[in-house]
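Below is the file target_34.cif, which contains mmCIF, C-alpha atoms.
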data_my_file
#
loop_
_atom_site.label_atom_id
_atom_site.label_comp_id
_atom_site.auth_asym_id
_atom_site.auth_seq_id
_atom_site.Cartn_x
_atom_site.Cartn_y
_atom_site.Cartn_z
CA LEU A 821 13.52 -29.95 -23.91
CA PRO A 822 9.90 -30.82 -23.13
CA GLU A 823 7.72 -28.33 -21.36
CA ASP A 824 6.88 -30.59 -18.45
CA PRO A 825 8.37 -34.09 -18.66
CA ASP A 826 6.45 -35.26 -15.58
CA TRP A 827 3.01 -34.37 -16.81
CA LYS A 828 0.43 -36.78 -15.43
CA ALA A 829 -1.41 -37.30 -18.70
CA TYR A 830 1.73 -38.60 -20.38
CA LYS A 831 2.47 -41.22 -17.73
CA VAL A 832 2.61 -44.61 -19.37
CA PRO A 833 1.57 -47.47 -17.07
CA PRO A 834 4.37 -50.02 -16.45
CA THR A 835 4.61 -52.69 -19.15
CA ARG A 836 3.54 -56.17 -18.26
CA THR A 837 5.77 -58.14 -20.64
CA PRO A 838 6.90 -61.27 -18.81
CA VAL A 839 10.60 -61.94 -18.21
CA SER A 840 11.49 -64.77 -20.57
CA GLU A 841 14.00 -67.55 -19.92
CA ARG A 842 17.20 -67.52 -21.99
CA ILE A 843 17.05 -70.31 -24.54
CA THR A 844 20.18 -69.65 -26.63
CA SER A 845 23.68 -68.87 -25.49
CA VAL A 846 23.87 -65.88 -27.86
CA PRO A 847 23.69 -62.70 -25.76
CA ASN A 848 20.78 -60.33 -26.38
CA PRO A 849 22.09 -57.64 -28.77
CA VAL A 850 19.65 -55.14 -27.31
CA ASN A 851 21.56 -55.23 -24.01
CA ILE A 852 24.83 -54.64 -25.88
CA PHE A 853 23.35 -51.66 -27.71
CA GLN A 854 21.96 -50.32 -24.47
CA THR A 855 25.30 -50.48 -22.64
CA VAL A 856 27.14 -48.97 -25.60
CA PHE A 857 24.60 -46.14 -25.80
CA ASN A 858 24.89 -45.59 -22.07
CA TYR A 859 28.65 -45.22 -22.09
CA VAL A 860 29.08 -43.41 -25.39
CA VAL A 861 26.11 -41.02 -25.42
CA ASP A 862 24.15 -41.00 -22.18
CA ALA A 863 26.95 -40.62 -19.62
CA PRO A 864 28.80 -37.68 -21.25
CA VAL A 865 25.57 -35.84 -22.03
CA THR A 866 24.29 -36.30 -18.47
CA PHE A 867 27.64 -35.18 -17.07
CA ILE A 868 27.66 -32.00 -19.18
CA ARG A 869 24.03 -31.26 -18.38
CA GLU A 870 24.62 -31.65 -14.66
CA TRP A 871 27.68 -29.40 -14.86
CA ILE A 872 25.59 -26.76 -16.63
CA GLU A 873 22.87 -27.07 -13.99
CA ARG A 874 25.45 -26.67 -11.21
CA GLN A 875 26.62 -23.42 -12.88
CA GLN A 876 23.08 -22.20 -13.19
CA ALA A 877 22.14 -23.08 -9.63
CA LYS A 878 24.54 -20.45 -8.26
CA ASN A 879 22.19 -17.57 -9.09
CA LYS A 880 18.58 -18.68 -9.32
CA PHE A 881 15.81 -16.34 -10.35
CA TYR A 882 12.16 -16.91 -11.01
CA TYR A 883 9.45 -15.87 -13.37
CA TYR A 884 5.76 -15.71 -12.65
CA HIS A 885 2.50 -15.93 -14.53
CA GLN A 886 0.88 -12.52 -14.53
CA LYS A 887 -2.50 -12.30 -12.83
CA PHE A 888 -4.73 -9.61 -14.32
CA ARG A 889 -7.44 -7.90 -12.33
CA ARG A 890 -10.98 -8.37 -13.59
CA VAL A 891 -12.43 -5.17 -15.05
CA PRO A 892 -16.10 -4.43 -15.89
CA ASP A 893 -17.30 -6.38 -18.88
CA LEU A 894 -18.43 -4.88 -22.19
CA SER A 895 -22.03 -5.41 -21.13
CA GLU A 896 -21.42 -3.30 -18.01
CA CYS A 897 -19.93 -0.33 -19.88
CA LEU A 898 -21.93 2.83 -20.44
CA GLU A 899 -22.41 3.91 -24.02
CA GLY A 900 -19.68 6.25 -25.24
CA ASP A 901 -17.31 5.30 -22.42
CA TYR A 902 -14.35 4.49 -24.68
CA LEU A 903 -11.96 3.81 -21.81
CA CYS A 904 -14.31 1.13 -20.47
CA TYR A 905 -14.60 -0.30 -23.98
CA PHE A 906 -10.80 -0.47 -24.25
CA GLU A 907 -10.33 -2.29 -20.95
CA ALA A 908 -13.21 -4.70 -21.65
CA GLU A 909 -11.76 -5.42 -25.10
CA ALA A 910 -8.31 -6.16 -23.62
CA GLN A 911 -9.88 -8.46 -21.04
CA TRP A 912 -11.91 -10.24 -23.72
CA ARG A 913 -8.78 -10.86 -25.81
CA ARG A 914 -6.95 -12.28 -22.79
CA ASP A 915 -9.89 -14.55 -22.03
CA ARG A 916 -9.98 -15.74 -25.64
CA MET A 917 -6.26 -16.59 -25.51
CA VAL A 918 -6.85 -18.53 -22.28
CA ASP A 919 -9.71 -20.44 -23.91
CA GLN A 920 -7.52 -21.26 -26.91
CA GLU A 921 -4.87 -22.67 -24.58
CA ILE A 922 -7.51 -24.72 -22.75
CA VAL A 923 -8.67 -26.30 -26.01
CA GLU A 924 -5.04 -26.94 -26.96
CA ILE A 925 -4.34 -28.72 -23.65
CA ILE A 926 -7.37 -30.96 -24.03
CA ARG A 927 -6.31 -31.81 -27.59
CA GLU A 928 -2.86 -32.74 -26.30
CA ARG A 929 -4.45 -34.97 -23.69
CA VAL A 930 -6.40 -36.83 -26.36
CA GLY A 931 -3.25 -37.24 -28.42
CA ALA A 932 -1.31 -38.52 -25.41
CA CYS A 933 -4.11 -40.94 -24.58
CA LYS A 934 -4.16 -42.30 -28.12
CA GLN A 935 -0.39 -42.72 -28.09
CA ARG A 936 -0.50 -44.44 -24.72
CA GLU A 937 -3.33 -46.86 -25.46
CA GLY A 938 -2.26 -47.80 -28.97
CA PRO A 939 -4.71 -50.40 -30.29
CA ASN A 940 -7.27 -49.89 -27.50
CA GLN A 941 -7.70 -46.20 -28.13
CA LEU A 942 -11.31 -46.27 -29.31
CA GLN A 943 -12.43 -47.84 -26.04
CA ASN A 944 -10.12 -46.37 -23.42
CA CYS A 945 -9.95 -42.78 -24.67
CA ALA A 946 -13.71 -42.30 -24.97
CA LYS A 947 -13.85 -39.93 -21.98
CA GLU A 948 -11.08 -37.67 -23.30
CA VAL A 949 -12.58 -37.65 -26.78
CA GLU A 950 -16.00 -36.75 -25.35
CA LEU A 951 -14.46 -33.94 -23.31
CA LEU A 952 -12.67 -32.60 -26.39
CA ALA A 953 -15.91 -32.66 -28.37
CA GLN A 954 -17.73 -30.72 -25.65
CA VAL A 955 -14.94 -28.17 -25.24
CA THR A 956 -14.59 -27.51 -28.97
CA LYS A 957 -18.35 -27.17 -29.31
CA ALA A 958 -18.37 -24.62 -26.48
CA TYR A 959 -15.44 -22.71 -28.01
CA GLN A 960 -17.14 -22.73 -31.42
CA ASP A 961 -20.38 -21.45 -29.89
CA ARG A 962 -18.66 -18.58 -28.16
CA TYR A 963 -15.81 -17.52 -30.46
CA GLY A 964 -16.66 -19.51 -33.56
CA ASP A 965 -17.47 -17.51 -36.68
CA LEU A 966 -16.40 -14.08 -35.52
CA GLY A 967 -13.58 -14.03 -38.08
CA VAL A 968 -10.14 -12.46 -37.81
CA HIS A 969 -11.58 -9.02 -36.92
CA GLY A 970 -13.68 -10.45 -34.14
CA ASN A 971 -13.77 -8.21 -31.08
CA ALA A 972 -15.60 -8.15 -27.79
CA ARG A 973 -18.53 -6.28 -29.32
CA SER A 974 -19.19 -8.82 -32.09
CA CYS A 975 -18.86 -11.62 -29.53
CA LEU A 976 -21.45 -9.90 -27.34
CA MET A 977 -23.78 -9.57 -30.34
CA LYS A 978 -23.29 -13.26 -31.10
CA GLN A 979 -24.18 -14.08 -27.50
CA LYS A 980 -27.29 -11.93 -27.78
CA HIS A 981 -28.38 -13.81 -30.92
CA ARG A 982 -27.74 -17.14 -29.22
CA MET A 983 -29.90 -16.13 -26.28
CA MET A 984 -32.65 -14.96 -28.63
CA GLU A 985 -32.56 -18.29 -30.46
CA GLU A 986 -32.79 -20.12 -27.14
CA MET A 987 -35.77 -18.08 -26.02
CA LYS A 988 -37.51 -18.62 -29.36
CA LYS A 989 -36.91 -22.35 -29.10
CA LYS A 990 -38.26 -22.40 -25.55
CA ALA A 991 -41.33 -20.44 -26.58
CA ALA A 992 -41.89 -22.79 -29.56
CA ALA A 993 -41.36 -25.87 -27.36
CA SER A 994 -43.73 -24.70 -24.63
CA GLN A 995 -46.53 -24.03 -27.12
CA MET B 1462 42.51 -28.75 -79.47
CA ALA B 1463 41.78 -30.24 -82.88
CA ALA B 1464 44.76 -32.56 -82.54
CA MET B 1465 43.61 -33.78 -79.13
CA SER B 1466 42.05 -37.17 -79.29
CA LEU B 1467 38.67 -37.95 -77.75
CA LEU B 1468 40.32 -39.86 -74.94
CA LEU B 1469 42.50 -36.94 -73.90
CA ARG B 1470 39.48 -34.59 -74.04
CA VAL B 1471 37.47 -36.88 -71.73
CA ALA B 1472 40.46 -37.15 -69.41
CA ALA B 1473 40.80 -33.34 -69.43
CA ALA B 1474 37.10 -32.93 -68.52
CA TRP B 1475 37.49 -35.43 -65.68
CA GLY B 1476 40.57 -33.59 -64.49
CA ALA B 1477 38.69 -30.26 -64.65
CA ARG B 1478 35.90 -31.67 -62.50
CA ARG B 1479 38.44 -32.98 -60.00
CA ALA B 1480 40.24 -29.62 -60.01
CA ALA B 1481 36.97 -27.75 -59.44
CA SER B 1482 35.93 -29.99 -56.56
CA GLY B 1483 39.44 -29.82 -55.12
CA ALA B 1484 39.47 -26.00 -55.30
CA SER B 1485 36.01 -25.48 -53.80
CA GLY B 1486 36.41 -27.96 -50.93
CA SER B 1487 39.60 -28.32 -48.95
CA ALA B 1488 42.47 -30.19 -50.63
CA LEU B 1489 41.80 -33.72 -49.45
CA LEU B 1490 44.89 -35.55 -50.72
CA PRO B 1491 47.47 -33.05 -51.96
CA GLY B 1492 50.04 -35.76 -52.59
CA LEU B 1493 47.82 -37.75 -54.95
CA ALA B 1494 49.31 -38.42 -58.37
CA GLY B 1495 47.61 -36.30 -60.97
CA ALA B 1496 46.64 -33.60 -58.45
CA ALA B 1497 45.72 -30.15 -59.72
CA ARG B 1498 48.70 -27.80 -59.94
CA LEU B 1499 47.73 -24.45 -61.43
CA PRO B 1500 47.57 -23.60 -64.28
CA GLY B 1501 46.01 -26.88 -65.45
CA THR B 1502 45.90 -30.47 -64.37
CA VAL B 1503 47.98 -33.52 -64.96
CA VAL B 1504 45.74 -36.00 -66.72
CA PRO B 1505 46.53 -39.71 -66.47
CA VAL B 1506 47.48 -41.28 -69.79
CA ARG B 1507 47.97 -44.99 -70.54
CA HIS B 1508 51.56 -46.27 -70.71
CA SER B 1509 52.94 -43.02 -69.35
CA SER B 1510 54.48 -44.62 -66.20
CA GLY B 1511 53.64 -41.91 -63.66
CA HIS B 1512 53.87 -38.85 -65.87
CA GLY B 1513 50.58 -37.62 -67.16
CA LYS B 1514 49.93 -35.08 -69.83
CA ARG B 1515 49.59 -31.53 -68.56
CA MET B 1516 46.38 -29.99 -69.83
CA PHE B 1517 45.41 -26.35 -69.75
CA ILE B 1518 41.73 -26.47 -68.77
CA ILE B 1519 39.59 -23.69 -70.06
CA LYS B 1520 36.60 -23.01 -67.83
CA ALA B 1521 34.51 -20.00 -66.83
CA THR B 1522 35.94 -17.79 -64.11
CA SER B 1523 35.02 -18.50 -60.53
CA PHE B 1524 36.85 -15.41 -59.21
CA TYR B 1525 33.74 -13.32 -58.61
CA ASP B 1526 31.83 -16.24 -57.09
CA THR B 1527 34.56 -17.15 -54.63
CA ARG B 1528 35.09 -13.49 -53.75
CA PHE B 1529 31.39 -13.07 -53.05
CA LEU B 1530 31.19 -16.18 -50.89
CA ASN B 1531 34.32 -15.21 -48.97
CA LEU B 1532 32.99 -11.73 -48.29
CA LEU B 1533 29.56 -13.15 -47.31
CA ARG B 1534 31.14 -15.54 -44.82
CA PHE B 1535 33.38 -12.80 -43.44
CA TYR B 1536 30.62 -10.28 -42.81
CA ILE B 1537 28.21 -12.84 -41.42
CA PHE B 1538 30.76 -14.22 -38.99
CA LEU B 1539 32.08 -10.79 -38.03
CA THR B 1540 29.03 -10.10 -35.84
CA GLY B 1541 27.55 -13.58 -35.88
CA ILE B 1542 30.32 -15.26 -33.90
CA PRO B 1543 30.33 -12.74 -31.01
CA VAL B 1544 26.55 -12.92 -30.83
CA ILE B 1545 26.58 -16.72 -30.80
CA LEU B 1546 29.29 -16.79 -28.13
CA PHE B 1547 27.43 -14.29 -25.98
CA VAL B 1548 24.11 -16.11 -26.25
CA THR B 1549 25.82 -19.44 -25.48
CA TYR B 1550 27.48 -17.91 -22.42
CA VAL B 1551 24.16 -16.54 -21.19
CA ASN B 1552 22.36 -19.83 -21.78
CA ILE B 1553 24.99 -21.94 -20.03
CA PHE B 1554 26.09 -19.81 -17.11
CA ILE B 1555 23.05 -17.69 -16.34
CA GLY B 1556 20.28 -19.98 -17.51
CA GLU B 1557 16.56 -19.48 -17.81
CA ALA B 1558 14.27 -18.55 -14.97
CA GLU B 1559 12.17 -21.11 -13.14
CA LEU B 1560 8.42 -20.88 -12.89
CA ALA B 1561 7.22 -20.13 -9.37
CA GLU B 1562 3.99 -19.17 -7.68
CA ILE B 1563 3.69 -15.49 -6.82
CA PRO B 1564 4.54 -15.26 -3.11
CA GLU B 1565 2.02 -13.77 -0.71
CA GLY B 1566 1.97 -10.01 -0.62
CA TYR B 1567 4.66 -9.67 -3.31
CA VAL B 1568 4.00 -7.74 -6.51
CA PRO B 1569 6.50 -8.86 -9.16
CA GLU B 1570 8.19 -6.25 -11.33
CA TYR B 1571 7.06 -6.17 -14.93
CA TRP B 1572 10.26 -7.81 -16.22
CA GLU B 1573 9.90 -10.77 -13.90
CA TYR B 1574 7.20 -12.23 -16.12
CA TYR B 1575 9.71 -13.32 -18.78
CA LYS B 1576 11.71 -16.55 -18.82
CA HIS B 1577 14.89 -15.94 -20.80
CA PRO B 1578 17.47 -13.63 -19.14
CA ILE B 1579 18.03 -11.61 -22.33
CA SER B 1580 14.26 -11.04 -22.69
CA ARG B 1581 14.19 -9.95 -19.06
CA TRP B 1582 17.07 -7.54 -19.64
CA ILE B 1583 15.43 -6.05 -22.74
CA ALA B 1584 12.10 -5.69 -20.93
CA ARG B 1585 13.79 -4.07 -17.96
CA TYR B 1586 16.17 -1.61 -19.61
CA LEU B 1587 14.96 -0.99 -23.14
CA LEU B 1588 11.18 -1.26 -23.17
CA ASP B 1589 8.50 0.61 -21.27
CA PRO B 1590 6.44 -1.25 -18.68
CA PRO B 1591 3.21 -2.57 -20.21
CA GLU B 1592 1.22 -0.63 -17.62
CA LYS B 1593 2.70 2.60 -18.97
CA ASN B 1594 1.83 1.57 -22.52
CA TYR B 1595 -1.73 0.74 -21.45
CA GLU B 1596 -2.10 4.11 -19.73
CA LYS B 1597 -0.69 5.91 -22.79
CA GLU B 1598 -3.24 4.25 -25.03
CA MET B 1599 -6.05 5.05 -22.62
CA ALA B 1600 -4.88 8.69 -22.46
CA MET B 1601 -4.92 8.91 -26.27
CA LEU B 1602 -8.42 7.42 -26.33
CA ASP B 1603 -9.54 9.85 -23.63
CA VAL B 1604 -8.24 12.88 -25.54
CA GLU B 1605 -9.88 11.72 -28.74
CA ALA B 1606 -13.15 11.01 -26.93
CA LYS B 1607 -13.17 14.51 -25.41
CA LYS B 1608 -12.42 16.01 -28.83
CA THR B 1609 -15.34 14.09 -30.33
CA GLN B 1610 -17.60 15.31 -27.55
CA MET B 1611 -16.50 18.94 -28.02
CA ARG B 1612 -17.06 18.74 -31.76
CA LEU B 1613 -20.55 17.32 -31.30
CA LEU B 1614 -21.40 20.09 -28.80
CA GLU B 1615 -20.10 22.71 -31.19
CA LEU B 1616 -22.21 21.36 -34.02
CA GLU B 1617 -25.29 21.33 -31.78
CA ALA B 1618 -24.64 24.92 -30.61
CA ARG B 1619 -24.24 26.09 -34.19
CA ARG B 1620 -27.47 24.44 -35.23
CA LEU B 1621 -29.42 25.97 -32.36
CA MET B 1622 -27.95 29.42 -32.79
CA ARG B 1623 -28.72 29.36 -36.47
CA GLN B 1624 -32.23 28.17 -35.78
CA ARG B 1625 -33.11 30.49 -32.91
CA GLY B 1626 -31.00 33.43 -33.94
CA ASP B 1627 -30.45 34.65 -30.38
CA GLY B 1628 -26.80 33.71 -29.97
CA PRO B 1629 -23.51 35.45 -30.79
CA TRP B 1630 -22.96 33.25 -33.90
CA TYR B 1631 -24.87 33.73 -37.13
CA HIS B 1632 -25.36 37.33 -36.07
CA TYR B 1633 -25.43 39.45 -39.18
CA GLU B 1634 -25.38 43.22 -38.61
CA THR B 1635 -28.27 44.93 -40.37
CA PRO B 1636 -28.56 48.75 -40.54
CA ASP B 1637 -31.21 50.54 -38.44
CA LYS B 1638 -34.61 50.82 -40.14
CA ASN B 1639 -34.80 54.50 -39.27
CA LEU B 1640 -31.88 55.17 -41.60
CA ILE B 1641 -33.75 53.96 -44.68
CA ASP B 1642 -34.59 56.76 -47.09
CA ASN B 1643 -38.13 56.03 -48.34
CA SER B 1644 -38.46 59.31 -50.32
CA MET B 1645 -37.97 57.50 -53.60
CA LYS B 1646 -40.96 55.29 -52.95
CA ALA B 1647 -43.02 57.99 -51.20
CA THR B 1648 -44.98 59.06 -54.27
CA PRO B 1649 -46.56 56.65 -56.74
CA ASP B 1650 -45.30 58.40 -59.85
CA ASN B 1651 -41.50 58.07 -59.41
#
How would this structure read if it were set down as structure tokens?
Amino acid sequence: LPEDPDWKAYKVPPTRTPVSERITSVPNPVNIFQTVFNYVVDAPVTFIREWIERQQAKNKFYYYHQKFRRVPDLSECLEGDYLCYFEAEAQWRRDRMVDQEIVEIIRERVGACKQREGPNQLQNCAKEVELLAQVTKAYQDRYGDLGVHGNARSCLMKQKHRMMEEMKKKAAASQ
Amino acid sequence: MAAMSLLLRVAAAWGARRAASGASGSALLPGLAGAARLPGTVVPVRHSSGHGKRMFIIKATSFYDTRFLNLLRFYIFLTGIPVILFVTYVNIFIGEAELAEIPEGYVPEYWEYYKHPISRWIARYLLDPPEKNYEKEMAMLDVEAKKTQMRLLELEARRLMRQRGDGPWYHYETPDKNLIDNSMKATPDN
């Protein structure tokens, strides 16, 4: 079953094929197949699914997405405060997972757009493709080459190097 | 075997293949003429009007293989079928949880963050809450950090006491200088 069948990005605009006049007296086999499929497959499956949903509706229960409190960052921890390091590390890992999911969602949007547009994808999906390029560049800048043992500390060092490069470039540009 | 003609040997091989396939799968058409009837098969022969020639087919034993496969199926299904039935019951009649926004002023329990009812049950009754795990890890880190600190202090104290010599450690008892007998060195000619 799909995660969210009503997702906005997957909505296909209504087709604009014109209704054609019947020229022959032979009935359209597609209609026959559709009615057969409806009666043989669709109706029983829908009936069983609705019965199952009626059984499940008797005792509903919910699940939630956990909201974590923000804790002081690694840059705000005193040296030698291992508890602060631990909490900052956990927070950094959660943030990295969130960023991975964000990139994944934007990739899915580009894929959905390409599927939807078909032959016009180079023109009509330019915005989504541009957004994906920006997001992956940002992800690569932040979490890029840290490797499998990357932790909050190495990410902070990478950020420090990035800032140093920026300042050097600004100093070289202003000269 | 030497007297058997080539034709009968080919027919016996064909009959052996049919017997093997009939024994491993279910007997599809038991009433078919020429069906396998142990020991051996009835092999069709030309101009025999319904009676074939009974052949004794020599092939390698499949006793151990069939016994193994039967036992494998038995032990897999022994616990597999109850588990499958239970999981099917849970999925149909209890169903998965629905995603909802956290209501105002409500703090969900730690098992209410899972979707499937069996995961929720395991998280609720078998596993520790993740907050407890977190605190346990932080406690371990705290103990180790304090141990590190104590060890560093001890090393520093040892270094200072050795250097300055005014502490209780590195205190070597020396005898009193008034007890030394200098009579041996008192005169130059000893």
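Using all atoms listed in the file, the chain A residues found within 6 Å of chain B amount to Ile872, Gln875, Gln876, Phe881, Tyr882, Tyr883 and Tyr884 of chain A.
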Saved selection, atoms kept: C-alpha atoms, as a PDB file, keeping the file's coordinate frame:
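Printed below is out10.pdb as written:
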ATOM      1  CA  ILE A 872      25.590 -26.760 -16.630  1.00  0.00           C
ATOM      2  CA  GLN A 875      26.620 -23.420 -12.880  1.00  0.00           C
ATOM      3  CA  GLN A 876      23.080 -22.200 -13.190  1.00  0.00           C
ATOM      4  CA  PHE A 881      15.810 -16.340 -10.350  1.00  0.00           C
ATOM      5  CA  TYR A 882      12.160 -16.910 -11.010  1.00  0.00           C
ATOM      6  CA  TYR A 883       9.450 -15.870 -13.370  1.00  0.00           C
ATOM      7  CA  TYR A 884       5.760 -15.710 -12.650  1.00  0.00           C
TER       8      TYR A 884
END
Report task. Tell me, as a ChimeraX atom specification, which residues lie within 10 Å of stretch 908-915 of chain A, counting all atoms listed in the file; anything in the same chain fewer than 4 positions away does not count. Result -> /A:888-897,902-904,919-921,970-973,975 /B:1595
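Between atom CA of A:Val955 and atom CA of A:Arg927 lies a distance of 9.7 Å.
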Query raised in the report: Applied to the shown file, which residues does the PyMOL selection byres ((chain B and resi 1518-1535) around 8) return, written as JSON, numbers by chain?
Result: {"B": [1473, 1474, 1477, 1500, 1501, 1502, 1516, 1517, 1536, 1537, 1538, 1539]}
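Atom to atom, atom CA of A:Arg916 and atom CA of A:Arg962 stand 9.5 Å apart.
Our summary of the geometry notes that atom CA of B:Leu1468 is positioned 11.9 Å from atom CA of B:Lys1514.
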Export stretch 966-974 of chain A, all heavy atoms, as a PDB file, in the first residue's frame; it's the structure right above.
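Result file result_26.pdb:
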ATOM      1  N   LEU A 966      32.422  13.219   5.062  1.00  0.00           N
ATOM      2  CA  LEU A 966      32.800  12.845   6.418  1.00  0.00           C
ATOM      3  C   LEU A 966      33.072  11.352   6.530  1.00  0.00           C
ATOM      4  O   LEU A 966      33.750  10.922   7.443  1.00  0.00           O
ATOM      5  CB  LEU A 966      31.675  13.208   7.385  1.00  0.00           C
ATOM      6  CG  LEU A 966      31.355  14.690   7.475  1.00  0.00           C
ATOM      7  CD1 LEU A 966      30.172  14.892   8.386  1.00  0.00           C
ATOM      8  CD2 LEU A 966      32.549  15.437   8.011  1.00  0.00           C
ATOM      9  N   GLY A 967      32.526  10.535   5.620  1.00  0.00           N
ATOM     10  CA  GLY A 967      32.763   9.105   5.695  1.00  0.00           C
ATOM     11  C   GLY A 967      31.808   8.431   6.656  1.00  0.00           C
ATOM     12  O   GLY A 967      30.969   9.057   7.286  1.00  0.00           O
ATOM     13  N   VAL A 968      31.957   7.096   6.799  1.00  0.00           N
ATOM     14  CA  VAL A 968      31.007   6.334   7.597  1.00  0.00           C
ATOM     15  C   VAL A 968      31.191   6.604   9.084  1.00  0.00           C
ATOM     16  O   VAL A 968      30.281   6.464   9.885  1.00  0.00           O
ATOM     17  CB  VAL A 968      31.131   4.840   7.267  1.00  0.00           C
ATOM     18  CG1 VAL A 968      32.375   4.252   7.910  1.00  0.00           C
ATOM     19  CG2 VAL A 968      29.915   4.069   7.694  1.00  0.00           C
ATOM     20  N   HIS A 969      32.396   7.031   9.496  1.00  0.00           N
ATOM     21  CA  HIS A 969      32.629   7.325  10.916  1.00  0.00           C
ATOM     22  C   HIS A 969      32.432   8.797  11.207  1.00  0.00           C
ATOM     23  O   HIS A 969      32.949   9.300  12.191  1.00  0.00           O
ATOM     24  CB  HIS A 969      34.056   6.932  11.299  1.00  0.00           C
ATOM     25  CG  HIS A 969      34.312   5.481  11.158  1.00  0.00           C
ATOM     26  ND1 HIS A 969      33.679   4.545  11.925  1.00  0.00           N
ATOM     27  CD2 HIS A 969      35.116   4.797  10.320  1.00  0.00           C
ATOM     28  CE1 HIS A 969      34.090   3.354  11.581  1.00  0.00           C
ATOM     29  NE2 HIS A 969      34.959   3.478  10.610  1.00  0.00           N
ATOM     30  N   GLY A 970      31.718   9.500  10.324  1.00  0.00           N
ATOM     31  CA  GLY A 970      31.536  10.917  10.560  1.00  0.00           C
ATOM     32  C   GLY A 970      30.713  11.158  11.803  1.00  0.00           C
ATOM     33  O   GLY A 970      29.680  10.540  12.011  1.00  0.00           O
ATOM     34  N   ASN A 971      31.159  12.083  12.660  1.00  0.00           N
ATOM     35  CA  ASN A 971      30.382  12.426  13.839  1.00  0.00           C
ATOM     36  C   ASN A 971      30.283  13.940  13.925  1.00  0.00           C
ATOM     37  O   ASN A 971      30.782  14.660  13.054  1.00  0.00           O
ATOM     38  CB  ASN A 971      31.014  11.831  15.098  1.00  0.00           C
ATOM     39  CG  ASN A 971      32.464  12.190  15.218  1.00  0.00           C
ATOM     40  OD1 ASN A 971      32.986  12.955  14.416  1.00  0.00           O
ATOM     41  ND2 ASN A 971      33.130  11.648  16.206  1.00  0.00           N
ATOM     42  N   ALA A 972      29.628  14.414  14.967  1.00  0.00           N
ATOM     43  CA  ALA A 972      29.341  15.833  15.064  1.00  0.00           C
ATOM     44  C   ALA A 972      30.633  16.635  15.064  1.00  0.00           C
ATOM     45  O   ALA A 972      30.717  17.736  14.495  1.00  0.00           O
ATOM     46  CB  ALA A 972      28.548  16.110  16.334  1.00  0.00           C
ATOM     47  N   ARG A 973      31.687  16.050  15.670  1.00  0.00           N
ATOM     48  CA  ARG A 973      32.941  16.786  15.815  1.00  0.00           C
ATOM     49  C   ARG A 973      33.592  17.002  14.458  1.00  0.00           C
ATOM     50  O   ARG A 973      34.013  18.106  14.120  1.00  0.00           O
ATOM     51  CB  ARG A 973      33.846  15.957  16.717  1.00  0.00           C
ATOM     52  CG  ARG A 973      34.941  16.707  17.314  1.00  0.00           C
ATOM     53  CD  ARG A 973      35.848  15.720  18.008  1.00  0.00           C
ATOM     54  NE  ARG A 973      36.977  16.417  18.508  1.00  0.00           N
ATOM     55  CZ  ARG A 973      37.195  16.668  19.795  1.00  0.00           C
ATOM     56  NH1 ARG A 973      36.345  16.238  20.681  1.00  0.00           N
ATOM     57  NH2 ARG A 973      38.248  17.327  20.168  1.00  0.00           N
ATOM     58  N   SER A 974      33.642  15.936  13.624  1.00  0.00           N
ATOM     59  CA  SER A 974      34.259  16.080  12.299  1.00  0.00           C
ATOM     60  C   SER A 974      33.437  17.028  11.436  1.00  0.00           C
ATOM     61  O   SER A 974      33.984  17.781  10.630  1.00  0.00           O
ATOM     62  CB  SER A 974      34.421  14.730  11.631  1.00  0.00           C
ATOM     63  OG  SER A 974      33.178  14.127  11.483  1.00  0.00           O
TER      64      SER A 974
END
